[in-house]
Amino acid sequence: MDSSIASILLLDGVTNGAIYALLGLATVLVFTVTRIIFIPQGEFVAYGALTLAMLQTGKVPGTVWLLLCLALLACVMEFVERWRHLGDINRALKAGLKTLAFPLLIALLSIWAAPQQFPLWVQAALSVAIVTAFGPLVYRVAYQSLEAATPLVLLIVSVGVHFAMTGLGLLFFGAEGFRNPSFWDERFALGPVALSGQTVIIFVVSLALIVLMWLYFEKSLRGKALRATAVNRTGARLMGISTHASGQLTFLLAALIGALSGLLIGPTTTVFYDSGFLIGLKGFVAAVIAGLSSYPGALVGALFVGIVEAFGAFWASAFKEVIVFTLVLPILLVRSLRSGHSDEEH
Amino acid sequence: MQLKKTLLALAITAVSSTAALADIKVGVSLSLTGPGSGLGIPMQKQLQLFPKTIAGEKVELTILDDASDPGKAAANARRFVTEDKVDVIFGANLTPTSAAITPIAFDAKTAQVSGAPVPPQAEKESIIFRLPQGFKVMSHAVVEHMKKQGVKTVGFLGYADGYGQGWLVNMKPMLEASGMKLVGEERFARADTSVTPQALKLNAANPDAILVVASGSGAAMPQLALAERGYKGKIYQTHAAATPDLTRVGGKTVEGTFVVSGPALLGDQLPDNHPSKKQALNFVANFEKANGANTRNQFAGHAYDFQVAMEKIIPMALKKAKPGTPEFRMAIRDSLETMGRTVFAHGVMNWTAADHEGYTLETGVMTKVVDGKFKVE
């Protein structure tokens, strides 16, 4: 191995690492606020990339119909719960329709826009909107009534949601994979390394998202409310922060990050309906390296996973995944030896 | 009066039951729903063209859906052997569902003809006959073509699963025997986000040709990565990649790729001296007459080959025993093993006691991607 091969591998590793970093951050975010280990994070990646691929062919993506079904279900659940809680049918109806409004709008927009063959960036924005709308609905339908359950119960629900989303992905997108067109075809020569426009986009967007998230949590009231929920749920509730709203907002952010990640990797690899799981799992490994609690830790962990993966694939491609996932064991061991039992709840 | 009626009823029952006994019964279990339905439905469409009689005997097909589920496939097979008492089972179209049928077929001593490349079944191997081409015949076609092209060094870039492994272990000795050298063995998975490291390493070894072992749209990604790294040599793909998905995802980059394929879908493109030309043309013509132009499909081809086999062996088995008896079931199994060289749409079949994959080395056809289409070399 010479320096040029090493630098190409490094670039490849950091590019993938940037995606894992985004997913790792989303995993940390969801866990700290809701104590859910969100396994289906990767499914949003596949949904994002494949929704764009479907829009490219001029068809209405199956995710739109799923969005409508899920929104209706969430609407009914919200209505029934409010009605039983408040006993006021008008207010309950209003709450239900509020849940339905945004997804319905997105769905109608997609159905209208799909056959129009809009430019790539419009379709990309639409894909992000469709997949982002899934976030709060998934929380409403699968998790909201279990908010007080133990992390183990929530983990089991996550496994169920993962299987449901993968299965529905197969139904909507089919068994074959898609590769999206590149957003920017420019190429830059950097010594021995050829940097593609898409790689540059991946870096810029990842960095921008990380900065935006930092600003959101440090400066905005809602971001601070999420942080408060993460620190102490009961305390946050006593201060008038709704845990329902926090959970839904968290999932909105997680779905947004997932959808964007999907758009970012769509042009560099062939995405299948089940591709998301492994990508999400690597983001999860990055989050575990950070102890599911530190954002900078997740970022470092993700870059580490990406680089190990690239060099592992070069030296022993048959054992690539084995190398990546085995690395978690010593890290978990060190963490558990160092931190004792203080973080049982998190 | 009462006695007369009873006698009449008895007589009718007797007549109808002997008639039922005389029918040849075929139990078919296919995935008509679920993830495997893309394979099962074309097979079912071909079976609708199955002849009503063979050698003067009525043939009755019972087609059941296994929902791509091995448990359901096993339940179907159990129904076939206990209730329907079929003479032969055709199914299934997926490896797990087919493997679920094999032990039941074995216990009932009823031959199973499978539309999936099921791995060897140890002592139960005697009951299962496979229709898809195995690794050996396809590897042979690839190695022969490489030899003709003057290839000296070969790189391998394949799935890190059974399909990749099957190709690797079959290719290796053949390459050595032909004086070619395997200079790189790299593996990847369908869901990988990047194959760049593997492509880098193979490119550094710079072999004359690289064999990519992957399926459908997953086969395009490694080739794009190789092109990205500036690999200029020949690229070979396997028959699992011989679908329009390769060119849909790969676009211009896969132009000039050599793809090995079975002959069934190539029909009119085959050279006149290819043994399967007639059967392949016949299959495509009849299938497309019933289902519309350009609906030809390799899985429907396997169902067609099942029909070809049955038309040859049923007269053989009828000489030995009466349909509906255990002897007839045994005769069907034995005839499959002794039917000898038989030309299928998918190649030339010759099942023997030692080889239940059976295709002869004439089977594989090399094609080249030209303008997004597969052209016979």
# chains A, B, ... in the order shown; residues from 1 in each chain; ligands from 1
$ select_by_dssp --residues "range 183-265 of chain A" --states "helix (DSSP H, G or I)" --output "number ranges by chain"
A: 197-219, 221-231, 233-238, 243-265
$ closest_atom_pairs --of "chain B" --to "chain A" --cutoff "10 Å" --atoms "only C-alpha atoms" --output "tab-separated table"
residue	atom	partner	partner_atom	distance
B:Gly34	CA	A:Leu171	CA	8.8
B:Pro35	CA	A:Ala175	CA	7.6
B:Gly36	CA	A:Ala175	CA	9.5
B:Gly38	CA	A:Ala175	CA	9.2
B:Leu157	CA	A:Ser317	CA	9.6
B:Gly158	CA	A:Ala318	CA	9.5
B:Tyr159	CA	A:Ala318	CA	8.8
B:Ala160	CA	A:Ala318	CA	6.0
B:Asp161	CA	A:Ala318	CA	9.3
B:Glu185	CA	A:Ser317	CA	8.6
B:Glu186	CA	A:Ser317	CA	5.7
B:Arg187	CA	A:Ala318	CA	5.0
B:Phe188	CA	A:Ser317	CA	6.5
B:Ala189	CA	A:Ala318	CA	9.0
B:Arg190	CA	A:Ser275	CA	8.1
B:Ala191	CA	A:Ser275	CA	4.9
B:Asp192	CA	A:Ser275	CA	7.7
B:Thr193	CA	A:Thr269	CA	5.5
B:Ser194	CA	A:Thr269	CA	6.4
B:Val195	CA	A:Ala313	CA	8.0
B:Thr196	CA	A:Asp12	CA	7.1
B:Pro197	CA	A:Phe314	CA	4.7
B:Gln198	CA	A:Phe314	CA	5.5
B:Ala199	CA	A:Phe314	CA	8.6
B:Leu200	CA	A:Ile5	CA	7.3
B:Lys201	CA	A:Phe314	CA	6.3
B:Leu202	CA	A:Phe314	CA	9.4
B:Ala204	CA	A:Ile5	CA	9.2
B:Ser215	CA	A:Glu176	CA	9.5
B:Gly216	CA	A:Glu176	CA	7.0
B:Ser217	CA	A:Gly177	CA	5.5
B:Gly218	CA	A:Gly177	CA	6.8
B:Ala219	CA	A:Thr270	CA	9.4
B:Ala220	CA	A:Thr270	CA	8.1
B:Met221	CA	A:Thr270	CA	6.2
B:Pro222	CA	A:Thr269	CA	9.4
B:Leu224	CA	A:Thr269	CA	9.2
B:Ala225	CA	A:Thr269	CA	9.2
B:Glu228	CA	A:Ala194	CA	9.5
B:Arg229	CA	A:Ala194	CA	9.4
B:Asp245	CA	A:Glu176	CA	7.5
B:Arg248	CA	A:Phe178	CA	8.6
B:Val249	CA	A:Arg179	CA	6.1
B:Gly250	CA	A:Arg179	CA	8.7
$ residues_around --residues "Ala92 in chain A" --least-positions-apart "6" --cutoff "9 Å" --atoms "only C-alpha atoms" --output "list in words"
Glu78, Phe79, Val80, Glu81, Arg82, Trp83, Arg84, His85 and Leu86 of chain A
$ residues_around --residues "Lys319 in chain B" --least-positions-apart "5" --cutoff "12 Å" --atoms "only C-alpha atoms" --output "list in words"
Ala55, Ile313, Ile314, Glu327, Phe328, Ala331, Ile332 and Ser335 of chain B
$ select_by_dssp --residues "range 126-306 of chain A" --states "strand (DSSP E or B)" --output "count of residues only"
10
$ residues_around --residues "range 272-284 of chain B" --least-positions-apart "5" --cutoff "12 Å" --atoms "only C-alpha atoms" --output "VMD selection string"
chain B and resid 46 to 47 49 to 50 262 to 267 289 to 308 341 to 349 359 to 365 376
$ atom_distance --atom1 "CA of Phe325 in chain A" --atom2 "CA of Gly297 in chain A"
17.5 Å
$ residues_around --residues "Val113 in chain B" --least-positions-apart "4" --cutoff "10 Å" --atoms "only C-alpha atoms" --output "ChimeraX atom specification"
/B:28,88-92,98,102,127-131,303,306,309,333,336,356
$ closest_atom_pairs --of "range 69-147 of chain A" --to "range 255-264 of chain A" --cutoff "12 Å" --atoms "only C-alpha atoms" --output "JSON lines"
{"residue": "A:Leu120", "atom": "CA", "partner": "A:Leu263", "partner_atom": "CA", "distance": 11.0}
{"residue": "A:Trp121", "atom": "CA", "partner": "A:Leu263", "partner_atom": "CA", "distance": 10.4}
{"residue": "A:Gln123", "atom": "CA", "partner": "A:Leu263", "partner_atom": "CA", "distance": 10.5}
{"residue": "A:Ala124", "atom": "CA", "partner": "A:Leu263", "partner_atom": "CA", "distance": 7.2}
{"residue": "A:Ala125", "atom": "CA", "partner": "A:Leu260", "partner_atom": "CA", "distance": 9.3}
{"residue": "A:Leu126", "atom": "CA", "partner": "A:Ala259", "partner_atom": "CA", "distance": 10.5}
{"residue": "A:Ser127", "atom": "CA", "partner": "A:Ala259", "partner_atom": "CA", "distance": 7.5}
{"residue": "A:Val128", "atom": "CA", "partner": "A:Ala259", "partner_atom": "CA", "distance": 5.4}
{"residue": "A:Ala129", "atom": "CA", "partner": "A:Leu256", "partner_atom": "CA", "distance": 7.9}
{"residue": "A:Ile130", "atom": "CA", "partner": "A:Ala259", "partner_atom": "CA", "distance": 8.8}
{"residue": "A:Val131", "atom": "CA", "partner": "A:Ala259", "partner_atom": "CA", "distance": 6.0}
{"residue": "A:Thr132", "atom": "CA", "partner": "A:Leu256", "partner_atom": "CA", "distance": 4.7}
{"residue": "A:Ala133", "atom": "CA", "partner": "A:Ala255", "partner_atom": "CA", "distance": 7.7}
{"residue": "A:Phe134", "atom": "CA", "partner": "A:Ala255", "partner_atom": "CA", "distance": 6.9}
{"residue": "A:Gly135", "atom": "CA", "partner": "A:Ala255", "partner_atom": "CA", "distance": 5.0}
{"residue": "A:Pro136", "atom": "CA", "partner": "A:Ala255", "partner_atom": "CA", "distance": 8.5}
{"residue": "A:Leu137", "atom": "CA", "partner": "A:Ala255", "partner_atom": "CA", "distance": 10.4}
{"residue": "A:Val138", "atom": "CA", "partner": "A:Ala255", "partner_atom": "CA", "distance": 9.6}
{"residue": "A:Tyr139", "atom": "CA", "partner": "A:Ala255", "partner_atom": "CA", "distance": 10.6}
$ closest_residue --among "A:Ile36, A:Cys69, A:Leu105, A:Leu195" --to "Val161 in chain A" --atoms "only C-alpha atoms"
A:Ile36
$ decode --residues "range 206-221 of chain B" --atoms "N, CA and C atoms" --output "PDB file, in the first residue's frame"
ATOM      1  N   ASN B 206      -4.191  -5.452 -11.420  1.00  0.00           N
ATOM      2  CA  ASN B 206      -4.384  -5.287 -12.859  1.00  0.00           C
ATOM      3  C   ASN B 206      -4.514  -6.592 -13.653  1.00  0.00           C
ATOM      4  N   PRO B 207      -5.524  -7.402 -13.376  1.00  0.00           N
ATOM      5  CA  PRO B 207      -5.720  -8.634 -14.156  1.00  0.00           C
ATOM      6  C   PRO B 207      -6.272  -8.334 -15.554  1.00  0.00           C
ATOM      7  N   ASP B 208      -6.114  -9.307 -16.477  1.00  0.00           N
ATOM      8  CA  ASP B 208      -6.643  -9.127 -17.835  1.00  0.00           C
ATOM      9  C   ASP B 208      -8.171  -9.070 -17.815  1.00  0.00           C
ATOM     10  N   ALA B 209      -8.764  -9.829 -16.889  1.00  0.00           N
ATOM     11  CA  ALA B 209     -10.228  -9.858 -16.822  1.00  0.00           C
ATOM     12  C   ALA B 209     -10.660  -9.947 -15.360  1.00  0.00           C
ATOM     13  N   ILE B 210     -11.843  -9.383 -15.075  1.00  0.00           N
ATOM     14  CA  ILE B 210     -12.400  -9.493 -13.729  1.00  0.00           C
ATOM     15  C   ILE B 210     -13.783 -10.116 -13.839  1.00  0.00           C
ATOM     16  N   LEU B 211     -14.039 -11.138 -13.018  1.00  0.00           N
ATOM     17  CA  LEU B 211     -15.364 -11.749 -12.980  1.00  0.00           C
ATOM     18  C   LEU B 211     -16.132 -11.149 -11.811  1.00  0.00           C
ATOM     19  N   VAL B 212     -17.266 -10.507 -12.117  1.00  0.00           N
ATOM     20  CA  VAL B 212     -18.130  -9.959 -11.075  1.00  0.00           C
ATOM     21  C   VAL B 212     -19.244 -10.967 -10.813  1.00  0.00           C
ATOM     22  N   VAL B 213     -19.361 -11.442  -9.571  1.00  0.00           N
ATOM     23  CA  VAL B 213     -20.400 -12.419  -9.243  1.00  0.00           C
ATOM     24  C   VAL B 213     -21.430 -11.744  -8.350  1.00  0.00           C
ATOM     25  N   ALA B 214     -22.549 -11.342  -8.958  1.00  0.00           N
ATOM     26  CA  ALA B 214     -23.602 -10.648  -8.219  1.00  0.00           C
ATOM     27  C   ALA B 214     -24.894 -10.824  -8.998  1.00  0.00           C
ATOM     28  N   SER B 215     -26.012 -10.318  -8.444  1.00  0.00           N
ATOM     29  CA  SER B 215     -27.286 -10.537  -9.121  1.00  0.00           C
ATOM     30  C   SER B 215     -27.987  -9.223  -9.434  1.00  0.00           C
ATOM     31  N   GLY B 216     -28.716  -9.213 -10.534  1.00  0.00           N
ATOM     32  CA  GLY B 216     -29.596  -8.105 -10.910  1.00  0.00           C
ATOM     33  C   GLY B 216     -28.951  -6.741 -10.799  1.00  0.00           C
ATOM     34  N   SER B 217     -29.674  -5.818 -10.154  1.00  0.00           N
ATOM     35  CA  SER B 217     -29.172  -4.448 -10.059  1.00  0.00           C
ATOM     36  C   SER B 217     -27.942  -4.356  -9.158  1.00  0.00           C
ATOM     37  N   GLY B 218     -27.744  -5.347  -8.273  1.00  0.00           N
ATOM     38  CA  GLY B 218     -26.562  -5.351  -7.412  1.00  0.00           C
ATOM     39  C   GLY B 218     -25.275  -5.590  -8.188  1.00  0.00           C
ATOM     40  N   ALA B 219     -25.393  -6.106  -9.421  1.00  0.00           N
ATOM     41  CA  ALA B 219     -24.206  -6.433 -10.208  1.00  0.00           C
ATOM     42  C   ALA B 219     -23.579  -5.205 -10.845  1.00  0.00           C
ATOM     43  N   ALA B 220     -24.324  -4.112 -10.904  1.00  0.00           N
ATOM     44  CA  ALA B 220     -23.810  -2.917 -11.579  1.00  0.00           C
ATOM     45  C   ALA B 220     -22.831  -2.143 -10.706  1.00  0.00           C
ATOM     46  N   MET B 221     -23.083  -2.119  -9.392  1.00  0.00           N
ATOM     47  CA  MET B 221     -22.281  -1.282  -8.494  1.00  0.00           C
ATOM     48  C   MET B 221     -20.782  -1.595  -8.548  1.00  0.00           C
TER      49      MET B 221
END
